[in-house]
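Report on the structure given below.
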Amino acid sequence: MKAALIGAGQIAKQHLSCLKTLPGVELTAICDLSPAAAEATAERYGVGTWFTDHRAMLEKARPDVVHVTTPPTSHFGLAMDSLDAGAHVIVEKPATPTFEQLDRLVRRAQQAGRHFIEDYNYIFNRATQEILRRVEAGDFGAVTHVEVLICLDILGPDGFADPNSPHPALTLSGGAIADFLPHLASLAYLFVGPHRTAETVWAKRKSSVLPFDEFRAVLDAERGTATVGFSSNSQPDAFWLRVYGERMQASANLFETRLTFDGPRTVPKPLRPFFSGLEEGRAIRRAALATLLRKFKGPGTYEGLWELLGRTYGALSDGSAPPVTAIDVLAVNRIVEALKPKEHRQ
Amino acid sequence: MRALVTGANGFLGRHVVTSLLARGVEVRALVRPAARVDALGWPSSVEVFRADLRASRELKGAFEGVDVLLHLAAVVSGGEDAQFAGTVVGTERLLNAMAASACRRLVLCSTFSVYDFSSTRRVLDEDSPLHQAPDVYARDGYTIAKWWEERVTRRFAEEHRWDLTVLRPGFIWGRDRGYLAALGQQFGRHHLVIGPLTRIPMTHVENCADVFALAATDPRARGQTLNVVDGPGERIWTYLSDYMRGSRQTGWRLPVPYWLAISAVRLGFATVFRRATKVPSILTPRRLEAMLKPLHFENRRLRETLEWSPPLDYQHCLARTYDAAPIATERSQAGSVADSKSPYKWRNRFSKSS
C-alpha cells in the first residue's frame, strides 16, 4: 500500500515513524510548501520523492493513502483533492474549521468509496483502551459520566501565543483551544455516545494573543453525561480522563501512563478507603516507572496515533471497517460544533 | 555601504550592529515585530525593519538599497521542528526575497556544529568533514537546522551567483552568556567536568562581531568559509574557574577524564539506550563528542585571509563579561509581586495559615 504525506511539520514525524514500522506500507512521497522541509523529511525517512505542489504529488506518486498533517485551515482543499485522486485520507485533528466542510469531505469520501479518518489518537492510548476493555467486560456496569480535562500551558511565547508569528490555530473559532476540542469530543463520544445538548463556558483569564484560555462544557449524551474542559492556567500539564460507572470508576492521566481503578472490594466497608489507597499507590508507582521508560523509547504520548494507524492500515488491507468510521467522524464533529463559542456555531 | 542584519537584537546581532557602525556601515536591523530595541542604545541612524522570517509576507522591502546581508537570525529554543521551521524555512523565505532584490552579497552565520566531530582527528579546521545525510538527523535540532541552513544558503548562492561568506563560530560567550555546553554537566551548584584539560573552541561575542563586520566589508572574504575562534581556546577547567568566580558561584568540580566518559557513554548506548529515541545529549556518544571531544581548534585561515586578530584578549573578555555592566542591558520583564492577599476568604479550618 502506497502512502504519501502532505505537511512536513512536527506531527508528520510521528506518522512517518509509525509508517516505517508497518508491514506492507511503502512511503512514496512527501509534500511541503518548503522545499527544504520536504527534502529533509524525505531524506530522513528514506522516502523516494518529495514535492512542493500536492497536486503534482497526487498525479505522479498515485498514493493509496494520503496523510494530511498541515495546519487545519488548509485541510479541506488538500483532503478533497486527495479524495478526488482516489486516495483514502487520514487527516490530523481538527479535520476542518467548519462542520460544513467536514460534511462535504465525508460525503465525497462515501461517493468515491474511500475512507476519511480523523486522528483521535487519545482514544487508542493504552489507558483509554484498558478502561474501554473493562467497560465492555461489564466491570463498570453502565457508564454514567465521563470527565475529560486538559491542563496545558499554551500561553508561552514559543507556541500558540507567539506574538511574532500568529499560530494558524488562532484563526479557528475558540482560538488555540479549538485545536484540542476533537480530543475532548472524541473521548466523551467514546464513553457516552453522541450528544443531545451542550452548555459551554469560554473565558480569558490572562493577557495574551489568545481569544480564550479557559474552557468548560457539560454535555448530555445518549448514554450518559460528560464534562469536558481545557485549562491554560492550571499546572502541571495533565490530561485527565475519568470514567464513572455504576460499580467502578477509573482515572487516567493520558500525558503519562497513570491509570487507577476503584471498584467493589470484598472487605468491610470501613476498610475500603484503606485498601483502595494501597492499591492506588501501587498502580501509581508502577506508572511512574513506566512513564519514565516511555520517555526513552517509542512514541511516548503518541502511542495512540501509532495504534490508530496500525489498525487503519490493517483494515485497509483486509477490507474491514477502519477503527474510526464516517459515522464516528460526523458524531465527534457535531460535538465539536456544539462546543464552539456560541457566535461561531453554524 | 548599507547592511541588512537579521537577528540584529540577538546576543551576537546587537554587537555586530555596533561593529558595523564603527566601520562606517549604515545598518538596517531586522528584528521581530514584538522585539524591544529601546534598551539596546542604537543611534537613530540604525533603521529598524520589523518582520518575522517565519510569517511576514513582505520581506523584499528589507533589501531596498542594501549592499550586503548579514544573516544571523536563527531559532535556538523550542523543539526540533520549531527550530527547523524558524531557521531553515525562515532562511528560504529571506533568500527568496533577496533573489528578487539587487543585493548580491551575503555573510551567513553558521556554526561549528556542522562539523562531524566523530570523524575528525586531532585538528578541526575548515577542511574537516561535515555531517552527512542521513546521519545528521541523529543529531540535535540545533545542528540539523544549522546544517540545513548552510545547505540551503549555498544552493541559493550558487543558483544566483551571489558572493557568499560562511562564518562558523565556535562557542560564543559574553555578558549573561558565560556558561557553555563545553563545561560538562551541571548538577545544581556542582559540575561534572569531562576532560578538564581540553581546550574550548570559543570566541568572545565582541571579537566574533568584529569578524562579521570585517567579512561584510573586506572583499577578501568573498567566497570564503572561515571558522571563528579567538585562538586555541582556554582549558575547560580554567574557563569554568573563571566563570564561577565571575558569576560568584560556589560548588564542587569533579574532573572526569574524557576517555572514561566517552567509554561509559558508548557502553551505555550500546546496551541500555541502544534503541532509545529520547536520550539526553550528554548520554549520546556523537553529541558528547560534539561538545567535548579534545581537538585542536584552528583559526589560521581567518588570520591569513583577513589578517584578523582578536581586538580583545582573554583577560579583557573576562572583564567585559563579568565586571559591572558597562552598557545598558534590557531590564527584567518580571511581573509585579503578586497580591499577597488570598482571594479565598472562606478557607476551611483545616487550611494551614501562611
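So you can find residues: chains in the C-alpha cells are A, B, ... in the order shown, residues in each start at 1, and ligands are numbered from 1 in order.
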
>> Please list as a PyMOL selection string every residue within 10 Å of stretch 261-266 of chain B, counting only C-alpha atoms and excluding residues in the same chain fewer than 6 positions away.
In response: chain B and resi 193-195+273-274+282-286+288-289+292-293

> Out of stretch 128-261 of chain B, which residues get alpha helix (DSSP H) from DSSP, as a ChimeraX atom specification?
Replying inline: /B:141-160,205-217,236-246,258-261

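Coordinates place atom CA of B:Ala73 at a distance of 23.6 Å from atom CA of A:Val209.
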
>> With DSSP run on the backbone, what are the strand (DSSP E) residues within stretch 83-327 of chain B? I'd like them as a ChimeraX atom specification.
In response: /B:105-109,123-124,163-169,171-173,185-187,190-194,202-204,225-228,253-256,296-297

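If you measure from each of B:Thr6, B:Ser77, B:Ser128, B:Ser19 to chain A using only C-alpha atoms, the closest one turns out to be B:Ser77.
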
Report as a Markdown table the residues of chain B within 9 Å of chain A, each with its shortest atom pair and distance in Å (one decimal), using only C-alpha atoms, ordered by chain and increasing residue number.
| residue | atom | partner | partner_atom | distance |
| --- | --- | --- | --- | --- |
| B:Arg32 | CA | A:Asn164 | CA | 6.1 |
| B:Pro33 | CA | A:Asn164 | CA | 5.5 |
| B:Ala34 | CA | A:Asn164 | CA | 5.8 |
| B:Ala35 | CA | A:Asn164 | CA | 8.4 |
| B:Ala51 | CA | A:Asn164 | CA | 8.1 |
| B:Asp52 | CA | A:Asn164 | CA | 6.3 |
| B:Leu53 | CA | A:Ser165 | CA | 8.8 |
| B:Arg54 | CA | A:Ser165 | CA | 6.7 |
| B:Ala55 | CA | A:Ser165 | CA | 5.6 |
| B:Ser56 | CA | A:Ser165 | CA | 7.9 |
| B:Ser77 | CA | A:Asp158 | CA | 8.3 |
| B:Gly78 | CA | A:Asp158 | CA | 6.9 |
| B:Gly79 | CA | A:Gln10 | CA | 8.7 |
| B:Glu80 | CA | A:Gln10 | CA | 8.2 |
| B:Asp81 | CA | A:Gln10 | CA | 5.5 |
| B:Ala82 | CA | A:Gln10 | CA | 8.0 |
| B:Phe84 | CA | A:Ala37 | CA | 7.8 |
| B:Ala85 | CA | A:Ala37 | CA | 7.8 |
| B:Val88 | CA | A:Ala36 | CA | 7.2 |
| B:Val89 | CA | A:Ser34 | CA | 6.3 |
| B:Glu92 | CA | A:Ser34 | CA | 7.7 |
| B:Arg93 | CA | A:Ser34 | CA | 8.9 |
| B:Ala133 | CA | A:Glu43 | CA | 7.2 |
| B:Pro134 | CA | A:Arg44 | CA | 5.8 |
| B:Asp135 | CA | A:Arg44 | CA | 8.7 |
| B:Val136 | CA | A:Arg44 | CA | 8.9 |
| B:Tyr137 | CA | A:Arg44 | CA | 6.5 |
| B:Trp148 | CA | A:Ala36 | CA | 7.6 |
| B:Glu149 | CA | A:Ala36 | CA | 9.0 |
| B:Val152 | CA | A:Ala36 | CA | 7.2 |
| B:Phe273 | CA | A:Phe296 | CA | 7.7 |
| B:Arg275 | CA | A:Lys297 | CA | 7.0 |
| B:Ala276 | CA | A:Lys297 | CA | 4.5 |
| B:Thr277 | CA | A:Lys297 | CA | 5.1 |
| B:Lys278 | CA | A:Phe296 | CA | 4.7 |
| B:Val279 | CA | A:Phe296 | CA | 5.9 |

File dump, residues just selected, N, CA and C atoms, as an mmCIF file, in the first residue's frame:
data_model
loop_
_atom_site.group_PDB
_atom_site.id
_atom_site.type_symbol
_atom_site.label_atom_id
_atom_site.label_comp_id
_atom_site.auth_asym_id
_atom_site.auth_seq_id
_atom_site.Cartn_x
_atom_site.Cartn_y
_atom_site.Cartn_z
ATOM 1 N N ARG B 32 12.153 41.043 15.134
ATOM 2 C CA ARG B 32 10.780 40.547 15.135
ATOM 3 C C ARG B 32 9.803 41.646 15.545
ATOM 4 N N PRO B 33 8.531 41.503 15.136
ATOM 5 C CA PRO B 33 7.555 42.577 15.403
ATOM 6 C C PRO B 33 7.435 42.954 16.867
ATOM 7 N N ALA B 34 7.528 41.972 17.766
ATOM 8 C CA ALA B 34 7.318 42.285 19.182
ATOM 9 C C ALA B 34 8.628 42.553 19.931
ATOM 10 N N ALA B 35 9.751 42.601 19.199
ATOM 11 C CA ALA B 35 11.055 42.772 19.869
ATOM 12 C C ALA B 35 11.174 44.178 20.456
ATOM 13 N N ALA B 51 10.000 42.427 11.091
ATOM 14 C CA ALA B 51 9.436 41.313 10.314
ATOM 15 C C ALA B 51 9.807 40.011 11.018
ATOM 16 N N ASP B 52 9.029 38.985 10.767
ATOM 17 C CA ASP B 52 9.347 37.653 11.279
ATOM 18 C C ASP B 52 9.578 36.759 10.072
ATOM 19 N N LEU B 53 10.752 36.169 9.986
ATOM 20 C CA LEU B 53 11.098 35.385 8.795
ATOM 21 C C LEU B 53 10.148 34.208 8.600
ATOM 22 N N ARG B 54 9.484 33.767 9.675
ATOM 23 C CA ARG B 54 8.573 32.629 9.562
ATOM 24 C C ARG B 54 7.236 33.022 8.964
ATOM 25 N N ALA B 55 6.870 34.306 9.079
ATOM 26 C CA ALA B 55 5.484 34.645 8.776
ATOM 27 C C ALA B 55 5.301 35.873 7.898
ATOM 28 N N SER B 56 6.198 36.844 7.988
ATOM 29 C CA SER B 56 5.940 38.114 7.313
ATOM 30 C C SER B 56 5.881 37.928 5.797
ATOM 31 N N SER B 77 15.678 27.929 20.430
ATOM 32 C CA SER B 77 14.935 27.301 21.527
ATOM 33 C C SER B 77 13.735 26.577 20.934
ATOM 34 N N GLY B 78 13.054 25.814 21.786
ATOM 35 C CA GLY B 78 11.896 25.070 21.306
ATOM 36 C C GLY B 78 12.319 23.734 20.728
ATOM 37 N N GLY B 79 11.375 23.022 20.199
ATOM 38 C CA GLY B 79 11.614 21.684 19.681
ATOM 39 C C GLY B 79 12.340 21.694 18.347
ATOM 40 N N GLU B 80 12.691 20.504 17.906
ATOM 41 C CA GLU B 80 13.427 20.340 16.655
ATOM 42 C C GLU B 80 12.674 20.951 15.469
ATOM 43 N N ASP B 81 11.358 20.767 15.438
ATOM 44 C CA ASP B 81 10.584 21.268 14.298
ATOM 45 C C ASP B 81 10.461 22.782 14.330
ATOM 46 N N ALA B 82 10.332 23.334 15.540
ATOM 47 C CA ALA B 82 10.265 24.797 15.647
ATOM 48 C C ALA B 82 11.586 25.407 15.190
ATOM 49 N N PHE B 84 13.708 24.025 13.018
ATOM 50 C CA PHE B 84 13.833 23.863 11.569
ATOM 51 C C PHE B 84 12.969 24.903 10.843
ATOM 52 N N ALA B 85 11.722 25.043 11.312
ATOM 53 C CA ALA B 85 10.808 25.993 10.655
ATOM 54 C C ALA B 85 11.347 27.419 10.779
ATOM 55 N N VAL B 88 15.473 27.268 9.060
ATOM 56 C CA VAL B 88 15.651 26.843 7.664
ATOM 57 C C VAL B 88 14.568 27.424 6.751
ATOM 58 N N VAL B 89 13.315 27.220 7.129
ATOM 59 C CA VAL B 89 12.232 27.736 6.279
ATOM 60 C C VAL B 89 12.282 29.269 6.296
ATOM 61 N N GLU B 92 14.866 30.242 3.827
ATOM 62 C CA GLU B 92 14.340 30.118 2.450
ATOM 63 C C GLU B 92 13.527 31.357 2.073
ATOM 64 N N ARG B 93 12.679 31.796 2.989
ATOM 65 C CA ARG B 93 11.815 32.943 2.691
ATOM 66 C C ARG B 93 12.654 34.218 2.546
ATOM 67 N N ALA B 133 24.025 13.438 5.318
ATOM 68 C CA ALA B 133 22.696 12.843 5.446
ATOM 69 C C ALA B 133 22.825 11.343 5.168
ATOM 70 N N PRO B 134 22.096 10.473 5.832
ATOM 71 C CA PRO B 134 21.066 10.788 6.838
ATOM 72 C C PRO B 134 21.591 10.828 8.272
ATOM 73 N N ASP B 135 22.930 10.643 8.469
ATOM 74 C CA ASP B 135 23.441 10.592 9.841
ATOM 75 C C ASP B 135 23.160 11.876 10.623
ATOM 76 N N VAL B 136 23.115 13.006 9.902
ATOM 77 C CA VAL B 136 22.910 14.284 10.596
ATOM 78 C C VAL B 136 21.596 14.288 11.373
ATOM 79 N N TYR B 137 20.619 13.485 10.928
ATOM 80 C CA TYR B 137 19.308 13.511 11.593
ATOM 81 C C TYR B 137 19.321 12.818 12.954
ATOM 82 N N TRP B 148 21.210 22.434 7.730
ATOM 83 C CA TRP B 148 20.323 22.664 6.589
ATOM 84 C C TRP B 148 20.341 24.129 6.151
ATOM 85 N N GLU B 149 20.478 25.025 7.104
ATOM 86 C CA GLU B 149 20.517 26.449 6.761
ATOM 87 C C GLU B 149 21.715 26.730 5.853
ATOM 88 N N VAL B 152 20.998 25.176 2.358
ATOM 89 C CA VAL B 152 20.049 25.994 1.593
ATOM 90 C C VAL B 152 20.734 27.254 1.077
ATOM 91 N N PHE B 273 20.649 2.073 26.152
ATOM 92 C CA PHE B 273 19.970 3.059 25.304
ATOM 93 C C PHE B 273 20.043 2.736 23.820
ATOM 94 N N ARG B 275 18.245 1.284 21.580
ATOM 95 C CA ARG B 275 17.115 1.591 20.706
ATOM 96 C C ARG B 275 16.315 2.786 21.205
ATOM 97 N N ALA B 276 16.892 3.485 22.155
ATOM 98 C CA ALA B 276 16.167 4.622 22.718
ATOM 99 C C ALA B 276 16.129 5.779 21.729
ATOM 100 N N THR B 277 15.080 6.561 21.808
ATOM 101 C CA THR B 277 14.926 7.675 20.875
ATOM 102 C C THR B 277 15.063 9.030 21.553
ATOM 103 N N LYS B 278 14.890 9.063 22.863
ATOM 104 C CA LYS B 278 14.938 10.357 23.555
ATOM 105 C C LYS B 278 15.944 10.274 24.699
ATOM 106 N N VAL B 279 17.199 10.437 24.373
ATOM 107 C CA VAL B 279 18.259 10.339 25.373
ATOM 108 C C VAL B 279 18.916 11.705 25.504
#

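Take the candidates B:Gly268, B:Arg248, B:Glu64, B:Leu260 and check each one against B:Ala97 using only C-alpha atoms; the shortest distance goes to B:Glu64.
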
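Using only C-alpha atoms, the nearest neighbour of A:Asp262 within the list A:Leu5, A:Ile131, A:Leu149, A:Leu292 is A:Ile131.
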